[in-house]
>>> print(open('protein.cif').read())   # mmCIF, C-alpha atoms
data_work
loop_
_atom_site.label_atom_id
_atom_site.label_comp_id
_atom_site.auth_asym_id
_atom_site.auth_seq_id
_atom_site.Cartn_x
_atom_site.Cartn_y
_atom_site.Cartn_z
CA MET A 1 99.90 -1.89 67.02
CA LYS A 2 99.77 -2.03 70.79
CA ASP A 3 103.03 -0.09 70.91
CA PHE A 4 101.80 2.32 68.36
CA PHE A 5 98.79 3.22 70.52
CA ARG A 6 100.95 3.27 73.63
CA GLN A 7 103.41 5.61 71.92
CA ASN A 8 100.93 7.84 70.14
CA GLY A 9 98.07 7.65 72.64
CA ILE A 10 98.51 11.16 73.87
CA LEU A 11 98.68 12.40 70.31
CA LEU A 12 95.39 10.72 69.49
CA VAL A 13 93.73 12.18 72.54
CA VAL A 14 95.03 15.59 71.56
CA ILE A 15 93.72 15.17 68.01
CA ALA A 16 90.36 14.03 69.37
CA LEU A 17 90.27 17.03 71.69
CA LEU A 18 91.11 19.38 68.86
CA LEU A 19 88.44 17.89 66.67
CA SER A 20 85.91 18.23 69.49
CA ILE A 21 86.84 21.84 69.97
CA LEU A 22 86.72 22.44 66.22
CA ILE A 23 83.25 20.92 65.94
CA GLY A 24 82.03 22.68 69.05
CA VAL A 25 83.30 26.07 67.95
CA GLY A 26 81.98 25.49 64.42
CA SER A 27 78.52 24.60 65.75
CA ALA A 28 78.49 27.59 68.06
CA PHE A 29 79.39 29.98 65.26
CA LEU A 30 77.08 28.41 62.65
CA GLY A 31 74.10 28.67 65.01
CA GLY A 32 72.01 25.53 64.56
CA ASN A 33 73.47 24.54 61.20
CA SER A 34 75.65 21.47 61.16
CA ASP A 35 79.36 22.09 61.43
CA PRO A 36 81.44 21.77 58.23
CA LEU A 37 82.96 18.47 59.26
CA SER A 38 79.64 16.79 59.96
CA ASN A 39 78.30 18.32 56.82
CA VAL A 40 81.05 16.86 54.69
CA PHE A 41 80.75 13.50 56.39
CA ASN A 42 77.01 13.28 56.02
CA ALA A 43 77.09 14.53 52.46
CA VAL A 44 79.59 11.86 51.51
CA THR A 45 77.85 9.06 53.35
CA ALA A 46 74.27 9.99 52.41
CA PRO A 47 74.15 7.87 49.22
CA ILE A 48 75.66 4.96 51.06
CA ARG A 49 73.12 5.26 53.85
CA GLY A 50 70.35 5.55 51.29
CA GLY A 51 71.53 2.41 49.52
CA ILE A 52 71.82 0.46 52.76
CA SER A 53 68.41 1.62 53.84
CA ALA A 54 66.86 0.57 50.52
CA VAL A 55 68.46 -2.84 50.62
CA THR A 56 67.48 -3.51 54.24
CA GLY A 57 63.99 -2.19 53.52
CA TRP A 58 63.62 -4.53 50.55
CA ALA A 59 64.99 -7.48 52.53
CA GLU A 60 62.66 -6.72 55.41
CA GLY A 61 59.76 -6.48 52.98
CA VAL A 62 60.60 -9.85 51.44
CA TYR A 63 61.00 -11.40 54.88
CA THR A 64 57.72 -9.94 56.09
CA TYR A 65 55.94 -11.02 52.92
CA VAL A 66 57.26 -14.59 53.17
CA PHE A 67 56.95 -15.13 56.90
CA HIS A 68 54.14 -12.75 57.90
CA TYR A 69 51.74 -12.98 54.94
CA GLY A 70 48.85 -13.99 57.15
CA GLU A 71 49.45 -11.11 59.52
CA LEU A 72 49.66 -8.69 56.57
CA HIS A 73 46.41 -10.01 55.23
CA ASP A 74 44.75 -9.59 58.62
CA GLU A 75 46.19 -6.12 58.93
CA LEU A 76 44.88 -5.24 55.46
CA ASP A 77 41.41 -6.42 56.46
CA GLN A 78 41.61 -4.38 59.65
CA LEU A 79 42.75 -1.34 57.69
CA ARG A 80 39.92 -1.77 55.20
CA ALA A 81 37.44 -1.94 58.06
CA ARG A 82 39.05 1.11 59.62
CA VAL A 83 38.90 3.05 56.33
CA ALA A 84 35.20 2.19 56.00
CA GLU A 85 34.66 3.30 59.59
CA LEU A 86 36.52 6.56 58.98
CA GLU A 87 34.60 7.19 55.77
CA SER A 88 31.39 6.69 57.69
CA GLU A 89 32.61 9.12 60.34
CA VAL A 90 33.49 11.66 57.64
CA ARG A 91 29.98 11.32 56.18
CA ASP A 92 28.48 11.76 59.64
CA GLY A 93 30.74 14.75 60.18
CA GLN A 94 29.69 16.34 56.90
CA GLU A 95 26.02 15.76 57.76
CA ALA A 96 26.57 17.22 61.24
CA SER A 97 28.41 20.16 59.73
CA ARG A 98 25.54 20.84 57.31
CA GLU A 99 23.03 20.55 60.14
CA ASN A 100 25.16 22.83 62.29
CA GLU A 101 25.25 25.42 59.52
CA GLN A 102 21.47 25.18 59.16
CA LEU A 103 20.95 25.58 62.88
CA ARG A 104 23.25 28.61 62.97
CA GLU A 105 21.19 30.21 60.21
CA LEU A 106 18.03 29.30 62.07
CA LEU A 107 19.45 30.78 65.25
CA ALA A 108 20.06 34.04 63.42
CA LEU A 109 16.46 33.96 62.17
CA GLN A 110 15.23 33.11 65.65
CA ALA A 111 17.15 36.10 66.99
CA ARG A 112 15.37 38.33 64.48
CA ARG A 113 11.95 36.76 64.96
CA ARG A 114 11.66 35.67 68.56
CA ASP A 115 7.93 35.07 68.16
CA PHE A 116 8.41 32.10 65.81
CA VAL A 117 7.98 28.62 67.24
CA PHE A 118 9.68 26.14 64.92
CA GLU A 119 9.41 22.45 64.26
CA SER A 120 12.06 20.94 62.03
CA ALA A 121 11.00 18.33 59.49
CA ARG A 122 12.55 16.39 56.65
CA VAL A 123 11.19 16.38 53.13
CA THR A 124 10.20 12.79 52.45
CA ALA A 125 8.51 13.12 49.05
CA ARG A 126 7.85 15.59 46.28
CA SER A 127 4.74 15.97 44.16
CA THR A 128 4.54 14.01 40.96
CA SER A 129 1.57 15.69 39.35
CA ASN A 130 1.48 18.48 36.80
CA TRP A 131 -1.58 19.87 38.60
CA ALA A 132 -0.04 20.54 41.99
CA SER A 133 3.32 21.37 43.51
CA THR A 134 3.53 19.77 46.93
CA LEU A 135 6.04 18.32 49.35
CA THR A 136 5.50 15.68 51.99
CA LEU A 137 7.14 16.29 55.38
CA SER A 138 8.14 13.86 58.11
CA LYS A 139 6.20 15.65 60.88
CA GLY A 140 2.48 15.85 61.49
CA THR A 141 -0.12 16.62 64.13
CA SER A 142 1.76 14.60 66.76
CA ALA A 143 4.51 17.24 66.54
CA GLY A 144 2.04 20.12 66.62
CA VAL A 145 1.98 20.75 62.87
CA GLU A 146 -1.37 22.09 61.68
CA VAL A 147 -3.00 22.97 58.38
CA GLY A 148 -2.15 26.55 57.49
CA ASP A 149 1.29 26.59 59.13
CA CYS A 150 3.97 28.26 57.06
CA VAL A 151 7.04 26.24 56.12
CA ILE A 152 10.38 27.96 55.64
CA THR A 153 14.05 27.21 55.12
CA GLU A 154 16.65 27.96 57.78
CA THR A 155 17.27 31.34 56.17
CA GLY A 156 13.64 32.41 56.36
CA GLU A 157 12.69 31.74 52.74
CA LEU A 158 9.08 30.66 52.38
CA VAL A 159 8.64 27.12 51.07
CA GLY A 160 4.86 26.92 51.31
CA VAL A 161 1.91 26.29 53.57
CA VAL A 162 0.80 23.04 55.21
CA SER A 163 -2.31 21.93 53.32
CA GLU A 164 -2.87 18.52 54.91
CA ALA A 165 -1.65 17.10 58.20
CA GLY A 166 -1.57 13.46 59.30
CA LEU A 167 -0.27 11.98 62.53
CA ASN A 168 3.38 11.81 61.51
CA TRP A 169 3.32 13.40 58.06
CA SER A 170 2.04 16.52 56.42
CA THR A 171 1.65 17.84 52.89
CA VAL A 172 2.90 21.29 52.01
CA SER A 173 1.55 23.29 49.10
CA THR A 174 4.60 25.10 47.79
CA VAL A 175 4.38 28.82 47.03
CA ILE A 176 3.90 28.08 43.32
CA ASN A 177 0.93 25.79 43.92
CA THR A 178 -2.40 27.09 42.65
CA ASP A 179 -4.13 26.94 46.04
CA ILE A 180 -1.69 29.45 47.55
CA GLU A 181 -3.04 32.92 48.19
CA MET A 182 -1.43 35.35 50.62
CA GLY A 183 -0.44 38.94 50.95
CA GLY A 184 2.88 39.96 49.45
CA ILE A 185 4.91 43.15 49.50
CA VAL A 186 7.80 44.43 47.41
CA THR A 187 10.44 45.67 49.83
CA ARG A 188 11.89 48.43 47.63
CA THR A 189 8.63 50.15 46.70
CA HIS A 190 6.39 48.86 49.51
CA SER A 191 3.87 47.88 46.84
CA ALA A 192 1.44 45.33 48.21
CA GLY A 193 -0.31 42.65 46.20
CA ILE A 194 -1.65 39.13 46.42
CA LEU A 195 0.77 36.25 45.98
CA GLU A 196 -0.92 33.39 44.18
CA GLY A 197 -0.03 30.27 42.27
CA ASP A 198 -0.98 30.03 38.63
CA PHE A 199 -1.44 26.98 36.38
CA ALA A 200 0.37 28.61 33.51
CA LEU A 201 3.33 29.61 35.68
CA MET A 202 3.57 26.53 37.92
CA GLY A 203 5.25 24.44 35.23
CA GLU A 204 7.94 27.11 34.98
CA GLY A 205 8.35 27.21 38.77
CA ARG A 206 6.99 30.76 39.11
CA LEU A 207 4.10 32.48 40.90
CA LYS A 208 2.18 35.73 40.55
CA LEU A 209 2.02 38.89 42.62
CA SER A 210 -1.39 40.13 41.49
CA TYR A 211 -3.43 43.30 41.99
CA LEU A 212 -0.44 45.63 42.01
CA PRO A 213 -1.18 49.29 42.68
CA ASP A 214 -1.32 51.48 39.57
CA GLY A 215 1.73 53.52 40.45
CA ALA A 216 3.96 50.62 41.42
CA GLN A 217 7.29 50.89 39.60
CA LEU A 218 8.73 47.41 39.97
CA VAL A 219 11.92 46.27 38.34
CA SER A 220 13.38 42.87 37.77
CA GLY A 221 15.18 41.63 40.89
CA ASP A 222 12.96 43.40 43.43
CA GLU A 223 12.60 41.31 46.57
CA VAL A 224 9.13 40.10 47.53
CA LEU A 225 8.18 39.27 51.13
CA THR A 226 4.99 38.12 52.80
CA SER A 227 3.06 41.12 54.05
CA GLY A 228 1.27 39.35 56.90
CA LYS A 229 -1.99 41.06 55.97
CA GLY A 230 -4.99 39.18 57.23
CA ASP A 231 -2.97 37.84 60.16
CA VAL A 232 -3.07 34.32 58.76
CA TYR A 233 0.57 34.09 57.74
CA PRO A 234 3.63 35.74 59.31
CA SER A 235 5.07 38.84 57.69
CA GLY A 236 8.63 39.28 56.46
CA LEU A 237 9.20 35.83 55.00
CA VAL A 238 11.23 35.93 51.79
CA VAL A 239 9.16 34.68 48.85
CA GLY A 240 11.40 35.50 45.90
CA GLN A 241 12.32 38.11 43.34
CA VAL A 242 10.33 39.90 40.66
CA GLU A 243 11.13 38.62 37.19
CA GLY A 244 8.85 40.84 35.17
CA VAL A 245 5.69 42.94 35.31
CA PHE A 246 2.73 42.27 33.00
CA THR A 247 -0.76 43.58 32.44
CA ASP A 248 -3.67 41.27 33.18
CA PRO A 249 -5.55 39.98 30.07
CA SER A 250 -8.49 42.10 31.20
CA GLY A 251 -6.24 45.16 30.99
CA MET A 252 -7.50 46.33 34.36
CA THR A 253 -4.65 45.33 36.67
CA ARG A 254 -1.01 44.50 36.54
CA TYR A 255 0.80 41.54 38.03
CA ALA A 256 4.42 40.59 38.62
CA VAL A 257 5.88 37.18 37.93
CA VAL A 258 7.92 36.12 40.94
CA VAL A 259 10.77 33.59 40.96
CA PRO A 260 10.72 31.76 44.32
CA ALA A 261 13.82 32.08 46.46
CA VAL A 262 13.64 28.38 47.30
CA GLN A 263 14.87 25.57 45.05
CA PHE A 264 12.19 22.99 45.81
CA ASP A 265 14.13 20.11 44.29
CA SER A 266 17.08 20.52 46.61
CA LEU A 267 15.21 20.84 49.91
CA ILE A 268 16.18 18.29 52.54
CA GLU A 269 15.17 19.84 55.83
CA VAL A 270 12.63 22.58 56.44
CA PHE A 271 11.09 24.33 59.45
CA VAL A 272 7.38 24.61 60.18
CA ILE A 273 6.31 27.81 61.94
CA LYS A 274 3.86 26.46 64.50
CA ASP A 275 3.19 29.79 66.16
CA PHE A 276 3.95 33.47 65.69
CA ASP A 277 2.84 36.81 67.08
CA ILE A 278 0.23 38.72 65.14
CA VAL A 279 1.38 42.30 64.74
CA GLU A 280 -1.61 44.66 64.73
CA MET B 1 -7.16 -21.83 36.51
CA THR B 2 -6.53 -22.68 40.13
CA ARG B 3 -6.56 -20.23 43.00
CA ARG B 4 -2.77 -20.49 43.16
CA ASP B 5 -2.44 -19.68 39.45
CA LEU B 6 -4.68 -16.68 39.93
CA ILE B 7 -2.56 -15.38 42.79
CA HIS B 8 0.61 -15.97 40.77
CA LYS B 9 -0.81 -14.14 37.75
CA TRP B 10 -1.95 -11.08 39.66
CA SER B 11 1.24 -10.97 41.71
CA VAL B 12 3.20 -10.61 38.47
CA TYR B 13 0.81 -7.90 37.29
CA ALA B 14 1.24 -6.15 40.67
CA LEU B 15 4.99 -6.29 40.14
CA GLY B 16 4.52 -4.64 36.74
CA LEU B 17 2.37 -1.96 38.35
CA LEU B 18 5.06 -1.42 40.99
CA ILE B 19 7.65 -0.74 38.27
CA ILE B 20 5.26 1.73 36.59
CA TRP B 21 4.54 3.43 39.91
CA VAL B 22 8.24 3.85 40.77
CA LEU B 23 8.82 5.33 37.32
CA ASP B 24 5.78 7.59 37.60
CA ALA B 25 6.31 8.78 41.15
CA TYR B 26 10.05 8.89 41.64
CA ILE B 27 11.99 8.85 38.39
CA LEU B 28 10.13 10.68 35.62
CA PRO B 29 9.15 13.75 37.71
CA ARG B 30 12.87 14.42 38.10
CA TYR B 31 13.24 14.83 34.35
CA PRO B 32 10.23 16.86 33.20
CA LEU B 33 9.93 17.56 29.49
CA LEU B 34 9.11 21.26 28.99
CA GLY B 35 7.92 21.36 32.60
CA VAL B 36 5.59 18.39 32.17
CA SER B 37 5.93 14.85 33.44
CA PRO B 38 3.77 11.99 32.14
CA MET B 39 1.03 10.09 33.99
CA LEU B 40 1.73 6.40 33.63
CA LEU B 41 -1.04 4.92 35.77
CA PRO B 42 -3.89 5.52 33.26
CA PRO B 43 -1.94 3.88 30.39
CA ALA B 44 -1.12 0.99 32.74
CA LEU B 45 -4.80 0.56 33.53
CA ALA B 46 -5.72 0.74 29.83
CA ALA B 47 -3.05 -1.82 28.90
CA VAL B 48 -4.18 -4.40 31.46
CA ALA B 49 -7.87 -3.82 30.80
CA VAL B 50 -7.36 -4.17 27.03
CA LEU B 51 -5.43 -7.41 27.50
CA GLU B 52 -7.50 -8.99 30.28
CA GLY B 53 -11.02 -7.75 29.60
CA ALA B 54 -13.73 -5.87 31.49
CA TYR B 55 -13.92 -7.93 34.67
CA ALA B 56 -10.17 -8.00 35.34
CA GLY B 57 -9.94 -4.39 34.15
CA THR B 58 -12.37 -3.34 36.87
CA GLY B 59 -10.33 -5.05 39.57
CA PHE B 60 -7.05 -3.69 38.26
CA GLY B 61 -8.61 -0.23 37.95
CA LEU B 62 -9.70 -0.42 41.57
CA ALA B 63 -6.14 -1.32 42.61
CA VAL B 64 -4.64 1.48 40.50
CA GLY B 65 -7.14 3.99 41.91
CA LEU B 66 -6.38 2.87 45.45
CA LEU B 67 -2.64 3.18 44.84
CA TRP B 68 -3.14 6.64 43.35
CA GLU B 69 -5.20 7.82 46.30
CA LEU B 70 -2.90 6.41 48.96
CA ALA B 71 0.53 7.01 47.51
CA TYR B 72 0.03 10.44 45.99
CA PRO B 73 -0.85 13.54 47.99
CA GLY B 74 -4.09 15.46 47.61
CA GLY B 75 -6.53 12.64 46.78
CA PHE B 76 -10.11 12.61 47.96
CA GLY B 77 -11.23 9.08 47.07
CA ALA B 78 -12.91 9.68 43.75
CA LEU B 79 -10.07 8.15 41.78
CA VAL B 80 -10.81 4.66 43.11
CA ILE B 81 -14.26 4.52 41.58
CA PHE B 82 -13.19 6.48 38.50
CA MET B 83 -10.33 4.10 37.70
CA ALA B 84 -12.47 1.02 38.38
CA LEU B 85 -15.15 2.31 35.99
CA ALA B 86 -12.49 3.27 33.45
CA GLY B 87 -11.05 -0.25 33.67
CA MET B 88 -14.45 -1.76 33.14
CA ALA B 89 -15.24 0.48 30.16
CA THR B 90 -11.82 -0.02 28.60
CA GLY B 91 -11.97 -3.79 29.02
CA GLY B 92 -15.49 -3.91 27.61
CA LEU B 93 -14.56 -1.76 24.63
CA SER B 94 -11.54 -3.86 23.79
CA GLN B 95 -13.52 -7.07 24.11
CA TYR B 96 -16.50 -6.08 22.00
CA ALA B 97 -15.54 -3.10 19.84
CA LEU B 98 -11.77 -2.74 19.57
CA SER B 99 -8.93 -5.23 19.28
CA GLN B 100 -6.65 -6.45 22.06
CA SER B 101 -3.68 -4.67 20.51
CA LEU B 102 -1.51 -1.59 20.81
CA PRO B 103 -3.82 0.65 18.72
CA GLY B 104 -6.73 -0.44 20.92
CA CYS B 105 -4.67 0.33 24.02
CA LEU B 106 -3.65 3.73 22.62
CA LEU B 107 -7.27 4.63 21.92
CA CYS B 108 -8.43 3.51 25.37
CA SER B 109 -5.50 5.23 27.05
CA ALA B 110 -6.28 8.45 25.19
CA GLY B 111 -9.89 8.16 26.30
CA VAL B 112 -9.02 7.62 29.97
CA LEU B 113 -6.46 10.45 29.93
CA ALA B 114 -8.83 12.82 28.18
CA LEU B 115 -11.62 12.02 30.62
CA LEU B 116 -9.35 12.40 33.64
CA ASP B 117 -7.82 15.69 32.54
CA GLY B 118 -11.21 16.85 31.25
CA LEU B 119 -12.59 16.43 34.75
CA ARG B 120 -9.62 18.29 36.21
CA VAL B 121 -10.10 21.14 33.76
CA ALA B 122 -13.81 21.21 34.59
CA ARG B 123 -13.01 21.31 38.31
CA GLY B 124 -10.52 24.12 37.69
CA LEU B 125 -13.17 26.08 35.82
CA ILE B 126 -15.87 25.45 38.40
CA THR B 127 -13.63 26.44 41.31
CA ASN B 128 -12.41 29.41 39.29
CA ALA B 129 -8.82 28.26 39.73
CA ALA B 130 -7.77 29.50 36.31
CA GLU B 131 -8.93 30.37 32.81
CA LEU B 132 -9.50 27.59 30.28
CA PRO B 133 -6.35 28.32 28.22
CA ALA B 134 -4.18 28.08 31.33
CA LEU B 135 -5.78 24.79 32.33
CA LEU B 136 -5.47 23.38 28.83
CA GLN B 137 -1.84 24.44 28.82
CA VAL B 138 -1.29 21.88 31.58
CA ALA B 139 -3.76 19.23 30.42
CA LEU B 140 -2.82 18.88 26.75
CA PRO B 141 0.95 18.41 27.10
CA GLU B 142 0.30 16.00 29.97
CA CYS B 143 -2.09 13.89 27.84
CA LEU B 144 0.25 13.88 24.85
CA LEU B 145 3.33 12.97 26.87
CA SER B 146 1.44 10.23 28.68
CA LEU B 147 0.22 8.87 25.34
CA ALA B 148 3.79 8.85 24.09
CA TRP B 149 4.68 6.56 26.99
CA THR B 150 1.71 4.25 26.38
CA PRO B 151 3.48 1.88 23.92
CA LEU B 152 6.23 1.19 26.46
CA VAL B 153 3.72 0.57 29.22
CA TYR B 154 1.71 -1.66 26.89
CA LEU B 155 4.82 -3.65 25.95
CA LEU B 156 5.62 -4.29 29.60
CA PHE B 157 2.13 -5.58 30.38
CA ARG B 158 1.90 -7.53 27.12
CA SER B 159 5.09 -9.37 28.02
CA ILE B 160 3.50 -10.21 31.39
CA TYR B 161 0.26 -11.22 29.64
CA ARG B 162 2.17 -13.56 27.30
CA ARG B 163 3.68 -15.36 30.26
CA VAL B 164 0.91 -15.46 32.83
CA GLY B 165 -2.07 -13.56 31.37
CA GLY B 166 -5.52 -14.78 30.37
CA THR B 167 -5.89 -18.45 31.23
CA LYS B 168 -2.34 -19.42 30.34
CA LEU B 169 -1.59 -20.81 33.78
CA ALA B 170 -4.61 -23.07 33.70
#
>>> encode(input="protein.cif", output="structure tokens")
Amino acid sequence: MKDFFRQNGILLVVIALLLSILIGVGSAFLGGNSDPLSNVFNAVTAPIRGGISAVTGWAEGVYTYVFHYGELHDELDQLRARVAELESEVRDGQEASRENEQLRELLALQARRRDFVFESARVTARSTSNWASTLTLSKGTSAGVEVGDCVITETGELVGVVSEAGLNWSTVSTVINTDIEMGGIVTRTHSAGILEGDFALMGEGRLKLSYLPDGAQLVSGDEVLTSGKGDVYPSGLVVGQVEGVFTDPSGMTRYAVVVPAVQFDSLIEVFVIKDFDIVE
Amino acid sequence: MTRRDLIHKWSVYALGLLIIWVLDAYILPRYPLLGVSPMLLPPALAAVAVLEGAYAGTGFGLAVGLLWELAYPGGFGALVIFMALAGMATGGLSQYALSQSLPGCLLCSAGVLALLDGLRVARGLITNAAELPALLQVALPECLLSLAWTPLVYLLFRSIYRRVGGTKLA
């Protein structure tokens, strides 16, 4: 054997050199793809490598299971704790994302209505009576909330008016509550009326736009805003959409039934308008 | 009946009232039937007053009225005295005129509900909040739905009464 290598050594070197050149040239011409020789070799040996890898993996698994069971158990506990931590972070992230979205919307509203001074508050309870539609908020007089302040969503939709204010809580009469009475205007026709809650409509989650002008041609879907007349409530807050127009039982006036823009059941956070400019 | 027995008995009744309150304030309003949710506190008062009599009914009525005023928005104090008087009347009626049973409780409950909603309707008319038909449209379904819940409320308090009610702990 020794003689064989001594006699054919140069030949082997030459073959090795040729193979190197062949592979090098092949690689250069195939531009990033493996050369044919490597390709053939790897293709042939791939199943073998896969088999070896599977066997060693299984053996390693058995070894780890037998000799490192305690460590695995500890690691599993750590991973469980980590998963819980990550899930908590995801929840926080989703909450922050929702809040961020709300604040962006509010920022847009603030840009439109620079006169508004807001106080954010969480809805802590909803009314349980068939005689009133109210919400309880987490902010009260200590945060500057006063009776008569309007409450809106981040997009400027009117939720209601503060009807009672405690130190760190306040009660809001929603727009469908029967004690609500404010000026409203239909944006398309500029028809003004009085927005008011109604016992018959409150159960259906609707309110009235009463005392419509005779010539008002309202259609279903018309947007209704607060008019700001009387300078008690801000103007331009979205109240809802007209659902239908009816004649009063007296036959003297007409009124529109308005569907509020706000879904009261799904409110989480709202904004109290503590101050606004009165436009003469 | 010792002082301890008395405290035990009324603690269990308070627990029953707590269950009714959670149902009334937080669960049932989420599932209104035709836009109406029932009032469970008046039937609860009627049930306890029917089972325990006028004196206990007055005390329980006072507690129910206080809970109503404090835990629900928009109260102005009148419910405390109203519920105490209703408890007294209901307990007295059941002791001397009606029986301490479900029909007696249903009658008393109907009376308390009718009186309560009658006063609300009257207030609505006096303050010109709405026309009578509109007010009745709220009051009648509310009374009927609340009456429909009365047997369940009565069963809860009767099971409490059977364990700790009257002078059973004595």
>>> atom_distance(input="protein.cif", atom1="atom CA of A:Leu237", atom2="atom CA of B:Asn128")
27.5 Å
>>> resolve_selection(input="protein.cif", expression="the PyMOL selection byres ((chain B) within 6 of (chain A))", output="PDB file with C-alpha atoms, keeping the file's coordinate frame")
ATOM      1  CA  ALA B  25       6.310   8.780  41.150  1.00  0.00           C
ATOM      2  CA  PRO B  29       9.150  13.750  37.710  1.00  0.00           C
ATOM      3  CA  GLY B  35       7.920  21.360  32.600  1.00  0.00           C
ATOM      4  CA  ALA B 134      -4.180  28.080  31.330  1.00  0.00           C
TER       5      ALA B 134
END
>>> atom_distance(input="protein.cif", atom1="atom CA of A:Asp115", atom2="atom CA of A:Ala96")
26.7 Å
>>> resolve_selection(input="protein.cif", expression="the PyMOL selection byres ((chain A and resi 169) around 8)", output="list in words")
Thr136, Leu137, Ser138, Lys139, Gly140, Thr141, Ala165, Gly166, Leu167, Asn168, Ser170 and Thr171 of chain A
>>> closest_residue(input="protein.cif", among="A:Leu195, A:Val272, A:Arg112, A:Val66", to="A:Val147", atoms="only C-alpha atoms")
A:Val272
>>> resolve_selection(input="protein.cif", expression="the PyMOL selection byres ((chain A and resi 255) around 7)", output="list of chain:residue names")
A:Lys208, A:Leu209, A:Ser210, A:Tyr211, A:Leu212, A:Val245, A:Phe246, A:Thr247, A:Asp248, A:Thr253, A:Arg254, A:Ala256, A:Val257
>>> write_last_selection(input="protein.cif", atoms="C-alpha atoms", output="compact mmCIF listing (two decimals), in the frame of the given file")
# COMPACT_ATOMS: atom_id res chain seq x y z
CA LYS A 208 2.18 35.73 40.55
CA LEU A 209 2.02 38.89 42.62
CA SER A 210 -1.39 40.13 41.49
CA TYR A 211 -3.43 43.30 41.99
CA LEU A 212 -0.44 45.63 42.01
CA VAL A 245 5.69 42.94 35.31
CA PHE A 246 2.73 42.27 33.00
CA THR A 247 -0.76 43.58 32.44
CA ASP A 248 -3.67 41.27 33.18
CA THR A 253 -4.65 45.33 36.67
CA ARG A 254 -1.01 44.50 36.54
CA ALA A 256 4.42 40.59 38.62
CA VAL A 257 5.88 37.18 37.93
>>> residues_around(input="protein.cif", residues="stretch 77-93 of chain B", least_positions_apart="4", cutoff="8 Å", atoms="only C-alpha atoms", output="MDAnalysis selection string")
chainID B and resid 42 45:46 49:66 68:69 97:98 108 112
>>> axis_aligned_box(input="protein.cif", around="stretch 218-231 of chain A", padding_each_side="5 Å", output="JSON")
{"center_x": 5.1, "center_y": 42.6, "center_z": 49.0, "size_x": 30.2, "size_y": 19.6, "size_z": 32.4}
>>> closest_residue(input="protein.cif", among="A:Asn100, A:Tyr233, A:Val145, A:Pro213", to="A:Ile180", atoms="only C-alpha atoms")
A:Tyr233
>>> build_atoms(input="protein.cif", residues="stretch 23-36 of chain B", atoms="N, CA and C atoms", output="PDB file, keeping the file's coordinate frame")
ATOM      1  N   LEU B  23       8.482   4.441  38.432  1.00  0.00           N
ATOM      2  CA  LEU B  23       8.820   5.330  37.320  1.00  0.00           C
ATOM      3  C   LEU B  23       8.007   6.632  37.394  1.00  0.00           C
ATOM      4  N   ASP B  24       6.713   6.460  37.610  1.00  0.00           N
ATOM      5  CA  ASP B  24       5.780   7.590  37.600  1.00  0.00           C
ATOM      6  C   ASP B  24       5.993   8.537  38.779  1.00  0.00           C
ATOM      7  N   ALA B  25       6.248   7.959  39.939  1.00  0.00           N
ATOM      8  CA  ALA B  25       6.310   8.780  41.150  1.00  0.00           C
ATOM      9  C   ALA B  25       7.702   9.287  41.476  1.00  0.00           C
ATOM     10  N   TYR B  26       8.713   8.528  41.149  1.00  0.00           N
ATOM     11  CA  TYR B  26      10.050   8.890  41.640  1.00  0.00           C
ATOM     12  C   TYR B  26      11.080   9.202  40.557  1.00  0.00           C
ATOM     13  N   ILE B  27      10.923   8.657  39.389  1.00  0.00           N
ATOM     14  CA  ILE B  27      11.990   8.850  38.390  1.00  0.00           C
ATOM     15  C   ILE B  27      11.609   9.921  37.353  1.00  0.00           C
ATOM     16  N   LEU B  28      10.479   9.742  36.694  1.00  0.00           N
ATOM     17  CA  LEU B  28      10.130  10.680  35.620  1.00  0.00           C
ATOM     18  C   LEU B  28       9.902  12.123  36.091  1.00  0.00           C
ATOM     19  N   PRO B  29       9.317  12.347  37.276  1.00  0.00           N
ATOM     20  CA  PRO B  29       9.150  13.750  37.710  1.00  0.00           C
ATOM     21  C   PRO B  29      10.473  14.495  37.870  1.00  0.00           C
ATOM     22  N   ARG B  30      11.562  13.757  37.985  1.00  0.00           N
ATOM     23  CA  ARG B  30      12.870  14.420  38.100  1.00  0.00           C
ATOM     24  C   ARG B  30      13.362  14.945  36.755  1.00  0.00           C
ATOM     25  N   TYR B  31      12.806  14.409  35.685  1.00  0.00           N
ATOM     26  CA  TYR B  31      13.240  14.830  34.350  1.00  0.00           C
ATOM     27  C   TYR B  31      12.040  15.300  33.527  1.00  0.00           C
ATOM     28  N   PRO B  32      11.409  16.399  33.943  1.00  0.00           N
ATOM     29  CA  PRO B  32      10.230  16.860  33.200  1.00  0.00           C
ATOM     30  C   PRO B  32      10.607  17.355  31.801  1.00  0.00           C
ATOM     31  N   LEU B  33       9.709  17.115  30.858  1.00  0.00           N
ATOM     32  CA  LEU B  33       9.930  17.560  29.490  1.00  0.00           C
ATOM     33  C   LEU B  33       9.105  18.830  29.305  1.00  0.00           C
ATOM     34  N   LEU B  34       9.766  19.951  29.105  1.00  0.00           N
ATOM     35  CA  LEU B  34       9.110  21.260  28.990  1.00  0.00           C
ATOM     36  C   LEU B  34       8.204  21.522  30.197  1.00  0.00           C
ATOM     37  N   GLY B  35       8.669  21.121  31.353  1.00  0.00           N
ATOM     38  CA  GLY B  35       7.920  21.360  32.600  1.00  0.00           C
ATOM     39  C   GLY B  35       6.799  20.380  32.850  1.00  0.00           C
ATOM     40  N   VAL B  36       6.692  19.356  32.013  1.00  0.00           N
ATOM     41  CA  VAL B  36       5.590  18.390  32.170  1.00  0.00           C
ATOM     42  C   VAL B  36       6.159  16.985  32.366  1.00  0.00           C
TER      43      VAL B  36
END
